[in-house]
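Student: Structure incoming, see below.
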Amino acid sequence: MDFLKSIAVAASGLRAQAGRMRVIAENIANADSTAQRPGAEPYRRKIPTFRREVDRTLQVDVVALGPLRMDAAEFRTKYEPGHPAADANGYVKYPNVNELIEMTDMREAQRSYEANLNVISATRRMLQRTIEILKA
């Protein structure tokens, strides 16, 4: 039964990291978007969080993607008086998304995903080896 628990925990990590990567991809996709109308706020960076859940079938704690937080950092502004989203002073607000930070977060999420995948693979190999030993 411990094999199933380790697979369940690692699989929950896979789902959580995949969700995290989707949020990061959304942030990157909106990094250069502007507001719909002058003076309005553009896209605000989303920050994924995680929460602990209990798998009642296996009685084990697993991880899940939690509620998304909005980044409170200031928006970037550029002086572009001819832009349709420019305010009265000619400034356009751009999202508070730093693509370097997003790419770093994406790389971290990818590595965490790979680590969970390796746990599942190792557990599967141990389970197969255990079955082979029992057959002998």
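Each chain of the structure tokens is named A, B, ... in the order shown, its residues numbered from 1; ligands are numbered from 1 in display order.
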So which bits of region 34-133 of chain A end up strand (DSSP E or B) when you DSSP the backbone, as a PyMOL selection string?

Tutor: chain A and resi 46-47+50-55+60-65+69-70+76-79+91-94

Student: Would you save the residues from that selection as a PDB file, in the first residue's frame, using C-alpha atoms?

Tutor:
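Now in again31.pdb:
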```
ATOM      1  CA  LYS A  46      -1.205  35.999 -10.947  1.00  0.00           C
ATOM      2  CA  ILE A  47       0.726  34.080  -8.315  1.00  0.00           C
ATOM      3  CA  PHE A  50      -0.507  25.422  -3.067  1.00  0.00           C
ATOM      4  CA  ARG A  51      -2.641  23.778  -0.418  1.00  0.00           C
ATOM      5  CA  ARG A  52      -2.642  20.474   1.388  1.00  0.00           C
ATOM      6  CA  GLU A  53      -5.478  18.030   0.853  1.00  0.00           C
ATOM      7  CA  VAL A  54      -6.172  14.577   2.222  1.00  0.00           C
ATOM      8  CA  ASP A  55      -6.705  11.630  -0.081  1.00  0.00           C
ATOM      9  CA  VAL A  60      -2.352  10.396   2.791  1.00  0.00           C
ATOM     10  CA  ASP A  61      -1.699  14.125   2.484  1.00  0.00           C
ATOM     11  CA  VAL A  62      -1.383  15.365  -1.087  1.00  0.00           C
ATOM     12  CA  VAL A  63      -0.705  18.760  -2.645  1.00  0.00           C
ATOM     13  CA  ALA A  64      -3.109  20.738  -4.822  1.00  0.00           C
ATOM     14  CA  LEU A  65      -3.100  24.073  -6.577  1.00  0.00           C
ATOM     15  CA  ARG A  69      -3.176  35.588  -5.600  1.00  0.00           C
ATOM     16  CA  MET A  70      -2.844  38.828  -7.501  1.00  0.00           C
ATOM     17  CA  ARG A  76       5.075  49.394 -15.649  1.00  0.00           C
ATOM     18  CA  THR A  77       4.410  52.647 -17.473  1.00  0.00           C
ATOM     19  CA  LYS A  78       5.713  53.912 -20.806  1.00  0.00           C
ATOM     20  CA  TYR A  79       5.308  57.291 -22.388  1.00  0.00           C
ATOM     21  CA  TYR A  91       1.414  57.178 -20.299  1.00  0.00           C
ATOM     22  CA  VAL A  92       0.370  53.606 -20.980  1.00  0.00           C
ATOM     23  CA  LYS A  93       0.201  51.077 -18.143  1.00  0.00           C
ATOM     24  CA  TYR A  94       1.657  47.658 -18.850  1.00  0.00           C
TER      25      TYR A  94
END
```

Student: Based on DSSP run over this structure's backbone, return all residues of region 24-105 of chain A in alpha helix (DSSP H), as an MDAnalysis selection string.

Tutor: chainID A and resid 24:29 99:105

Student: In terms of the shortest atom-to-atom distance over only C-alpha atoms, which of A:Thr49, A:Gln59, A:Asn96, A:Gln110 is closest to Ala8 (chain A)?

Tutor: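 Ranking A:Thr49, A:Gln59, A:Asn96, A:Gln110 by distance to Ala8 (chain A), first place goes to A:Gln59.
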
Student: Mind giving me the straight-line distance from CA of Ile101 (chain A) to CA of Ala18 (chain A) in Å, one decimal?

Tutor: 17.6 Å

Student: Between A:Pro95, A:Leu127, A:Ala109, A:Thr104, which one has atoms that come closest to Ser33 (chain A), using only C-alpha atoms?

Tutor: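 Going through A:Pro95, A:Leu127, A:Ala109, A:Thr104 one by one, the smallest distance to Ser33 (chain A) is for A:Pro95.
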
Student: Show which residues sit within 9 Å of Asp87 (chain A), as an mmCIF file with N, CA and C atoms, in the first residue's frame. Count only C-alpha atoms, and ignore same-chain residues fewer than 5 positions away.

Tutor:
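Written out: around12.cif:
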```cif
data_model
loop_
_atom_site.group_PDB
_atom_site.id
_atom_site.type_symbol
_atom_site.label_atom_id
_atom_site.label_comp_id
_atom_site.auth_asym_id
_atom_site.auth_seq_id
_atom_site.Cartn_x
_atom_site.Cartn_y
_atom_site.Cartn_z
ATOM 1 N N ARG A 37 -9.131 50.360 -22.252
ATOM 2 C CA ARG A 37 -9.460 51.772 -22.449
ATOM 3 C C ARG A 37 -8.450 52.638 -21.710
ATOM 4 N N PRO A 38 -8.316 53.875 -22.089
ATOM 5 C CA PRO A 38 -7.343 54.770 -21.447
ATOM 6 C C PRO A 38 -7.559 54.883 -19.937
ATOM 7 N N GLY A 39 -6.462 54.797 -19.195
ATOM 8 C CA GLY A 39 -6.506 54.943 -17.745
ATOM 9 C C GLY A 39 -6.903 53.691 -16.983
ATOM 10 N N ALA A 40 -7.378 52.671 -17.670
ATOM 11 C CA ALA A 40 -7.787 51.430 -17.000
ATOM 12 C C ALA A 40 -6.552 50.603 -16.654
ATOM 13 N N PRO A 81 2.233 58.680 -26.120
ATOM 14 C CA PRO A 81 1.038 59.520 -26.245
ATOM 15 C C PRO A 81 0.073 59.127 -27.366
ATOM 16 N N VAL A 92 1.097 54.870 -20.827
ATOM 17 C CA VAL A 92 0.370 53.606 -20.980
ATOM 18 C C VAL A 92 0.838 52.667 -19.876
ATOM 19 N N LYS A 93 -0.126 52.056 -19.184
ATOM 20 C CA LYS A 93 0.201 51.077 -18.143
ATOM 21 C C LYS A 93 0.341 49.703 -18.787
#
```

Student: Find, counting only C-alpha atoms, the residue in A:Ala72, A:Val97, A:Ala136, A:Gly13 that gets nearest to Glu26 (chain A).

Tutor: A:Val97

Student: Which of these, A:Ala35, A:Ala11, A:Lys135, A:Glu114, has the shortest distance to His83 (chain A) once you count only C-alpha atoms?

Tutor: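 Nearest to His83 (chain A): A:Ala35.
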
Student: Between A:Ala29, A:Glu80, A:Val23, A:Pro42, single out the one closest to Leu68 (chain A), counting only C-alpha atoms.

Tutor: A:Val23

Student: So how many Å separate CA of Gln128 (chain A) and CA of Arg15 (chain A), to one decimal?

Tutor: 24.2 Å

Student: So which one's closest to Ala115 (chain A), A:Ala73, A:Ala31, A:Leu14, A:Ile7? Using only C-alpha atoms, please.

Tutor: A:Leu14

Student: Can you work out the spacing between CA of Met126 (chain A) and CA of Leu58 (chain A) in Å, to one decimal?

Tutor: 19.0 Å
